[in-house]
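Dumped input-v1.cif below, it's mmCIF, C-alpha atoms:
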data_target
loop_
_atom_site.group_PDB
_atom_site.id
_atom_site.type_symbol
_atom_site.label_atom_id
_atom_site.label_comp_id
_atom_site.auth_asym_id
_atom_site.auth_seq_id
_atom_site.Cartn_x
_atom_site.Cartn_y
_atom_site.Cartn_z
ATOM 1 C CA ASP A 489 97.758 119.928 89.217
ATOM 2 C CA GLN A 490 98.383 116.182 89.078
ATOM 3 C CA GLN A 491 102.013 115.326 89.641
ATOM 4 C CA VAL A 492 101.473 111.598 89.055
ATOM 5 C CA LYS A 493 99.263 110.570 86.167
ATOM 6 C CA GLN A 494 97.842 107.236 85.182
ATOM 7 C CA ASN A 495 96.129 107.973 81.918
ATOM 8 C CA SER A 496 94.359 104.647 81.477
ATOM 9 C CA PRO A 497 91.439 104.295 83.895
ATOM 10 C CA SER A 498 91.071 100.649 82.875
ATOM 11 C CA LEU A 499 92.902 97.900 81.042
ATOM 12 C CA SER A 500 91.672 94.497 79.931
ATOM 13 C CA VAL A 501 94.184 91.673 79.330
ATOM 14 C CA GLN A 502 93.787 88.031 78.566
ATOM 15 C CA GLU A 503 94.949 85.523 81.149
ATOM 16 C CA GLY A 504 98.508 84.382 80.463
ATOM 17 C CA ARG A 505 99.439 87.496 78.485
ATOM 18 C CA ILE A 506 101.508 90.469 79.651
ATOM 19 C CA SER A 507 99.850 93.365 81.454
ATOM 20 C CA ILE A 508 101.567 96.734 81.086
ATOM 21 C CA LEU A 509 100.461 99.597 83.304
ATOM 22 C CA ASN A 510 101.839 103.061 82.697
ATOM 23 C CA CYS A 511 102.512 106.079 84.865
ATOM 24 C CA ASP A 512 103.902 109.554 84.178
ATOM 25 C CA TYR A 513 105.153 112.119 86.659
ATOM 26 C CA THR A 514 106.055 115.776 86.491
ATOM 27 C CA ASN A 515 108.016 116.491 89.668
ATOM 28 C CA SER A 516 111.778 116.118 89.126
ATOM 29 C CA MET A 517 112.282 115.880 92.896
ATOM 30 C CA PHE A 518 110.686 112.435 93.046
ATOM 31 C CA ASP A 519 113.358 109.804 93.542
ATOM 32 C CA TYR A 520 111.400 106.789 94.717
ATOM 33 C CA PHE A 521 108.514 105.112 92.937
ATOM 34 C CA LEU A 522 106.130 102.391 94.023
ATOM 35 C CA TRP A 523 103.267 100.318 92.679
ATOM 36 C CA TYR A 524 100.374 99.263 94.863
ATOM 37 C CA LYS A 525 97.520 96.887 94.179
ATOM 38 C CA LYS A 526 94.106 97.486 95.704
ATOM 39 C CA TYR A 527 91.008 95.343 96.036
ATOM 40 C CA PRO A 528 87.629 96.907 96.912
ATOM 41 C CA ALA A 529 87.149 97.616 100.621
ATOM 42 C CA GLU A 530 90.817 96.880 101.366
ATOM 43 C CA GLY A 531 93.895 99.015 101.745
ATOM 44 C CA PRO A 532 96.572 99.268 99.044
ATOM 45 C CA THR A 533 99.058 96.399 99.077
ATOM 46 C CA PHE A 534 102.672 97.189 98.269
ATOM 47 C CA LEU A 535 103.886 95.350 95.162
ATOM 48 C CA ILE A 536 107.240 96.672 94.029
ATOM 49 C CA SER A 537 109.362 99.807 94.157
ATOM 50 C CA ILE A 538 112.260 101.380 92.335
ATOM 51 C CA SER A 539 114.783 104.011 93.260
ATOM 52 C CA SER A 540 115.748 106.678 90.743
ATOM 53 C CA ILE A 541 119.296 105.314 90.581
ATOM 54 C CA LYS A 542 117.956 102.215 88.833
ATOM 55 C CA ASP A 543 116.021 101.724 85.627
ATOM 56 C CA LYS A 544 114.605 98.279 86.334
ATOM 57 C CA ASN A 545 113.544 96.197 89.298
ATOM 58 C CA GLU A 546 112.135 92.707 89.113
ATOM 59 C CA ASP A 547 110.269 90.595 91.642
ATOM 60 C CA GLY A 548 108.758 87.369 90.383
ATOM 61 C CA ARG A 549 106.072 88.129 87.817
ATOM 62 C CA PHE A 550 106.355 91.879 88.432
ATOM 63 C CA THR A 551 108.884 94.189 86.809
ATOM 64 C CA VAL A 552 109.001 97.953 87.107
ATOM 65 C CA PHE A 553 110.810 100.056 84.510
ATOM 66 C CA LEU A 554 111.835 103.656 85.082
ATOM 67 C CA ASN A 555 112.698 106.124 82.329
ATOM 68 C CA LYS A 556 113.875 109.244 84.145
ATOM 69 C CA SER A 557 114.418 111.354 81.041
ATOM 70 C CA ALA A 558 110.814 110.753 79.997
ATOM 71 C CA LYS A 559 109.529 110.869 83.585
ATOM 72 C CA HIS A 560 107.742 107.624 82.919
ATOM 73 C CA LEU A 561 107.466 104.312 84.673
ATOM 74 C CA SER A 562 105.644 101.128 83.882
ATOM 75 C CA LEU A 563 104.674 97.932 85.639
ATOM 76 C CA HIS A 564 104.811 94.680 83.710
ATOM 77 C CA ILE A 565 102.989 91.612 84.975
ATOM 78 C CA VAL A 566 103.740 88.381 83.183
ATOM 79 C CA PRO A 567 102.020 86.043 82.923
ATOM 80 C CA SER A 568 98.784 87.728 84.013
ATOM 81 C CA GLN A 569 96.563 85.709 86.324
ATOM 82 C CA PRO A 570 92.890 86.103 87.340
ATOM 83 C CA GLY A 571 93.927 87.165 90.845
ATOM 84 C CA ASP A 572 95.743 90.134 89.341
ATOM 85 C CA SER A 573 92.393 91.806 88.613
ATOM 86 C CA ALA A 574 92.438 94.887 90.846
ATOM 87 C CA VAL A 575 93.117 98.619 90.795
ATOM 88 C CA TYR A 576 96.810 99.464 90.484
ATOM 89 C CA PHE A 577 98.163 102.709 91.854
ATOM 90 C CA CYS A 578 101.433 104.308 90.929
ATOM 91 C CA ALA A 579 102.993 106.414 93.707
ATOM 92 C CA ALA A 580 106.040 108.644 93.958
ATOM 93 C CA GLY A 581 108.004 110.257 96.741
ATOM 94 C CA GLY A 582 111.341 111.479 97.985
ATOM 95 C CA GLY A 583 112.764 110.688 101.399
ATOM 96 C CA ALA A 584 110.618 109.560 104.281
ATOM 97 C CA ASP A 585 107.665 111.720 103.429
ATOM 98 C CA GLY A 586 104.159 111.414 102.091
ATOM 99 C CA LEU A 587 103.614 109.728 98.751
ATOM 100 C CA THR A 588 101.861 111.254 95.750
ATOM 101 C CA PHE A 589 99.461 108.825 94.101
ATOM 102 C CA GLY A 590 97.966 108.534 90.638
ATOM 103 C CA LYS A 591 94.257 107.930 90.238
ATOM 104 C CA GLY A 592 94.725 104.253 89.492
ATOM 105 C CA THR A 593 94.200 101.825 86.624
ATOM 106 C CA HIS A 594 91.595 99.094 86.912
ATOM 107 C CA LEU A 595 93.161 95.928 85.495
ATOM 108 C CA ILE A 596 90.761 93.230 84.354
ATOM 109 C CA ILE A 597 92.177 89.807 83.530
ATOM 110 C CA GLN A 598 89.907 87.912 81.187
ATOM 111 C CA PRO A 599 89.906 84.098 81.097
ATOM 112 C CA ASN B 75 98.087 89.982 112.535
ATOM 113 C CA ALA B 76 101.216 92.091 112.369
ATOM 114 C CA GLY B 77 99.826 94.480 109.760
ATOM 115 C CA VAL B 78 98.628 98.061 110.086
ATOM 116 C CA MET B 79 95.396 98.054 112.079
ATOM 117 C CA GLN B 80 92.756 100.705 111.634
ATOM 118 C CA ASN B 81 89.513 101.083 113.507
ATOM 119 C CA PRO B 82 86.706 101.466 113.158
ATOM 120 C CA ARG B 83 86.322 100.093 109.630
ATOM 121 C CA HIS B 84 83.151 102.096 109.144
ATOM 122 C CA LEU B 85 82.101 105.238 110.963
ATOM 123 C CA VAL B 86 78.868 107.168 110.542
ATOM 124 C CA ARG B 87 78.542 110.670 111.929
ATOM 125 C CA ARG B 88 76.011 113.468 111.660
ATOM 126 C CA ARG B 89 77.077 116.910 110.519
ATOM 127 C CA GLY B 90 78.674 118.814 113.363
ATOM 128 C CA GLN B 91 79.842 115.754 115.298
ATOM 129 C CA GLU B 92 83.421 114.667 115.850
ATOM 130 C CA ALA B 93 85.109 111.714 114.167
ATOM 131 C CA ARG B 94 88.085 109.881 115.655
ATOM 132 C CA LEU B 95 89.997 107.419 113.514
ATOM 133 C CA ARG B 96 92.645 105.168 115.017
ATOM 134 C CA CYS B 97 95.715 103.552 113.534
ATOM 135 C CA SER B 98 98.198 101.111 115.050
ATOM 136 C CA PRO B 99 101.308 100.790 112.868
ATOM 137 C CA MET B 100 103.047 97.555 112.009
ATOM 138 C CA LYS B 101 105.262 96.192 114.732
ATOM 139 C CA GLY B 102 108.631 97.886 114.612
ATOM 140 C CA HIS B 103 107.387 100.818 112.523
ATOM 141 C CA SER B 104 107.693 104.298 113.958
ATOM 142 C CA HIS B 105 106.562 106.395 110.988
ATOM 143 C CA VAL B 106 102.826 106.889 110.416
ATOM 144 C CA TYR B 107 101.111 108.534 107.464
ATOM 145 C CA TRP B 108 97.446 109.400 106.919
ATOM 146 C CA TYR B 109 95.822 109.586 103.484
ATOM 147 C CA ARG B 110 92.314 110.371 102.271
ATOM 148 C CA GLN B 111 90.664 108.836 99.227
ATOM 149 C CA LEU B 112 87.582 110.304 97.593
ATOM 150 C CA PRO B 113 85.532 108.155 95.159
ATOM 151 C CA GLU B 114 87.270 107.559 91.809
ATOM 152 C CA GLU B 115 90.380 109.365 93.059
ATOM 153 C CA GLY B 116 93.832 108.353 94.191
ATOM 154 C CA LEU B 117 94.986 108.632 97.774
ATOM 155 C CA LYS B 118 95.899 112.131 98.908
ATOM 156 C CA PHE B 119 98.577 112.591 101.558
ATOM 157 C CA MET B 120 97.428 114.381 104.692
ATOM 158 C CA VAL B 121 100.014 114.112 107.466
ATOM 159 C CA TYR B 122 103.225 112.325 108.464
ATOM 160 C CA LEU B 123 104.018 111.653 112.110
ATOM 161 C CA GLN B 124 106.640 110.020 114.238
ATOM 162 C CA LYS B 125 106.182 109.274 117.921
ATOM 163 C CA GLU B 126 105.050 112.498 119.610
ATOM 164 C CA ASN B 127 105.987 114.610 116.589
ATOM 165 C CA ILE B 128 104.225 115.908 113.511
ATOM 166 C CA ILE B 129 106.818 115.891 110.743
ATOM 167 C CA ASP B 130 104.769 117.095 107.763
ATOM 168 C CA GLU B 131 101.155 118.229 107.820
ATOM 169 C CA SER B 132 101.165 119.962 104.450
ATOM 170 C CA GLY B 133 98.184 117.910 103.250
ATOM 171 C CA MET B 134 95.948 118.572 106.247
ATOM 172 C CA PRO B 135 93.050 121.010 105.926
ATOM 173 C CA LYS B 136 93.840 124.054 108.038
ATOM 174 C CA GLU B 137 90.722 123.804 110.167
ATOM 175 C CA ARG B 138 88.883 121.012 111.984
ATOM 176 C CA PHE B 139 91.523 118.332 111.270
ATOM 177 C CA SER B 140 94.234 117.263 113.683
ATOM 178 C CA ALA B 141 96.470 114.245 114.160
ATOM 179 C CA GLU B 142 98.618 112.830 116.911
ATOM 180 C CA PHE B 143 100.855 109.857 117.532
ATOM 181 C CA PRO B 144 101.443 109.652 121.286
ATOM 182 C CA LYS B 145 104.284 107.862 123.006
ATOM 183 C CA GLU B 146 101.870 105.091 123.968
ATOM 184 C CA GLY B 147 98.895 103.967 121.932
ATOM 185 C CA PRO B 148 97.690 104.384 118.375
ATOM 186 C CA SER B 149 97.840 107.358 116.090
ATOM 187 C CA ILE B 150 94.585 109.331 116.023
ATOM 188 C CA LEU B 151 93.146 111.398 113.178
ATOM 189 C CA ARG B 152 90.500 113.714 114.587
ATOM 190 C CA ILE B 153 87.938 115.607 112.556
ATOM 191 C CA GLN B 154 85.855 118.144 114.440
ATOM 192 C CA GLN B 155 82.471 119.467 113.330
ATOM 193 C CA VAL B 156 82.282 117.109 110.377
ATOM 194 C CA VAL B 157 80.671 118.193 107.111
ATOM 195 C CA ARG B 158 79.347 116.156 104.181
ATOM 196 C CA GLY B 159 82.543 116.753 102.217
ATOM 197 C CA ASP B 160 84.519 114.822 104.851
ATOM 198 C CA SER B 161 82.896 111.580 103.654
ATOM 199 C CA ALA B 162 85.769 109.501 102.307
ATOM 200 C CA ALA B 163 87.984 106.514 102.991
ATOM 201 C CA TYR B 164 90.848 107.369 105.326
ATOM 202 C CA PHE B 165 93.925 105.184 105.121
ATOM 203 C CA CYS B 166 96.829 104.941 107.486
ATOM 204 C CA ALA B 167 100.261 103.651 106.464
ATOM 205 C CA SER B 168 103.449 102.948 108.383
ATOM 206 C CA SER B 169 107.105 102.485 107.564
ATOM 207 C CA PRO B 170 110.192 101.500 109.563
ATOM 208 C CA ALA B 171 112.540 103.835 111.380
ATOM 209 C CA GLY B 172 115.212 105.428 109.217
ATOM 210 C CA GLY B 173 112.480 105.409 106.650
ATOM 211 C CA ARG B 174 114.095 107.013 103.628
ATOM 212 C CA ASN B 175 112.860 105.201 100.532
ATOM 213 C CA GLN B 176 111.117 102.518 102.516
ATOM 214 C CA PRO B 177 107.764 101.235 101.265
ATOM 215 C CA GLN B 178 104.734 102.334 103.235
ATOM 216 C CA HIS B 179 102.364 99.588 104.285
ATOM 217 C CA PHE B 180 98.676 100.381 104.495
ATOM 218 C CA GLY B 181 95.792 99.414 106.702
ATOM 219 C CA ASP B 182 92.349 98.593 105.313
ATOM 220 C CA GLY B 183 91.034 102.067 105.990
ATOM 221 C CA THR B 184 88.133 103.688 107.794
ATOM 222 C CA ARG B 185 85.156 104.579 105.672
ATOM 223 C CA LEU B 186 83.621 107.732 107.078
ATOM 224 C CA SER B 187 80.066 108.616 106.132
ATOM 225 C CA ILE B 188 78.509 111.911 107.121
ATOM 226 C CA LEU B 189 74.723 112.073 107.273
#
As structure tokens:
Amino acid sequence: DQQVKQNSPSLSVQEGRISILNCDYTNSMFDYFLWYKKYPAEGPTFLISISSIKDKNEDGRFTVFLNKSAKHLSLHIVPSQPGDSAVYFCAAGGGADGLTFGKGTHLIIQP
Amino acid sequence: NAGVMQNPRHLVRRRGQEARLRCSPMKGHSHVYWYRQLPEEGLKFMVYLQKENIIDESGMPKERFSAEFPKEGPSILRIQQVVRGDSAAYFCASSPAGGRNQPQHFGDGTRLSIL
């Protein structure tokens, strides 16, 4: 039973446009959400997080939106750059415990 | 390099052998987490440790797998009598003390292959 779902295995976006990656969760106990970026043969790199008391967090080109009633979060990257091509993982947790990850979305930025 | 260090990066074992994976957390971090990633899957939580204590091992298989984080030295994930199904990438992450809602930072993983 997947508690964190990323329903798009891949996404292709033109360079300079906005990339929107989506994530849904089922566990109401989650109160902390994170996005990680991963290149092949490397570990996940932390990008941005959001606590359940907020609905938006912004860091440079990256913005995460949280809709608690819909149990949905999204990552917006604008403008998209070639170096953004990677697999993006959504993760959720509560407290200082293990995170639950989605299966990832492979983002491809086309020139 | 002040990041999470894992070694070895690649480990090959024959069925029935033991595998030992090491993880040194980021400087100043006292919380360590181990995850396993199978091909085309997300990372699955295995165990959460603080120095000399296992806090949560709810994701660890009940047999053959063990983890420790001694007072001195790296955290070790140990797999005894490995089987083909243990082939995966194993990632370690760390976070600071007082770690509620702190991001976990990951190492580059150990890729374990079982012949």
Within 9 Å of chain A: residues of chain B, using all atoms listed in the file, as a PyMOL selection string: chain B and resi 105+107-109+114-122+129-130+133+165-166+169+172-183+185
Residues near stretch 141-155 of chain B, cut-off 7 Å, all atoms listed in the file, skip fewer than 4 positions along chain, as a VMD selection string: chain B and resid 89 to 98 123 to 126
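Between atom CA of A:Asn555 and atom CA of A:Thr514 the interatomic distance comes to 12.4 Å.
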7 Å contact set for A:Gln598, all atoms listed in the file, chain neighbours under 4 positions out, as a ChimeraX atom specification: /A:500-503
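In terms of minimum interatomic distance to A:Ser557, A:Asn515 ranks closest within A:Asn515, A:Ser496, A:Asn545, A:Gln491, counting only C-alpha atoms.
One distance worth recording is that between atom CA of B:Ser168 and atom CA of B:Met100, which is 6.5 Å.
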I'd like to see the residues matched by the PyMOL selection byres ((chain A and resi 569) around 7) on this file, and ideally I'd get them as a compact mmCIF listing (two decimals) with C-alpha atoms, keeping the file's coordinate frame.
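The resulting file, part-v5.txt, is reproduced below:
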# COMPACT_ATOMS: atom_id res chain seq x y z
CA GLU A 503 94.95 85.52 81.15
CA GLY A 504 98.51 84.38 80.46
CA PRO A 567 102.02 86.04 82.92
CA SER A 568 98.78 87.73 84.01
CA PRO A 570 92.89 86.10 87.34
CA GLY A 571 93.93 87.16 90.84
CA ASP A 572 95.74 90.13 89.34
CA ILE A 597 92.18 89.81 83.53
Expected residue set, 6 Å radius at (85.7, 109.5, 102.4), only C-alpha atoms, as an NGL selection string: :B and (111-112 or 160-163 or 185-186)
Best match for closeness to B:Val78 among B:Met134, B:Ala167, B:Phe139, B:Gly102, counting all atoms listed in the file: B:Ala167
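Counting from atom CA of A:Met517, the distance to atom CA of A:Ala580 is 9.6 Å.
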Neighbour list for A:Arg549 as a PyMOL selection string, cut-off 8 Å, all atoms listed in the file, skip fewer than 4 positions in-chain: chain A and resi 564-567
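For B:Leu189, the non-local neighbours within 8 Å, defined as residues at least 3 positions apart in the same chain or in other chains and counting all atoms listed in the file, are Val86, Arg87, Arg88, Arg89 and Arg158 of chain B.
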Counting only C-alpha atoms, the option among A:Ser516, A:Gln490, A:Ser573, A:Ile508 closest to A:Lys556: A:Ser516
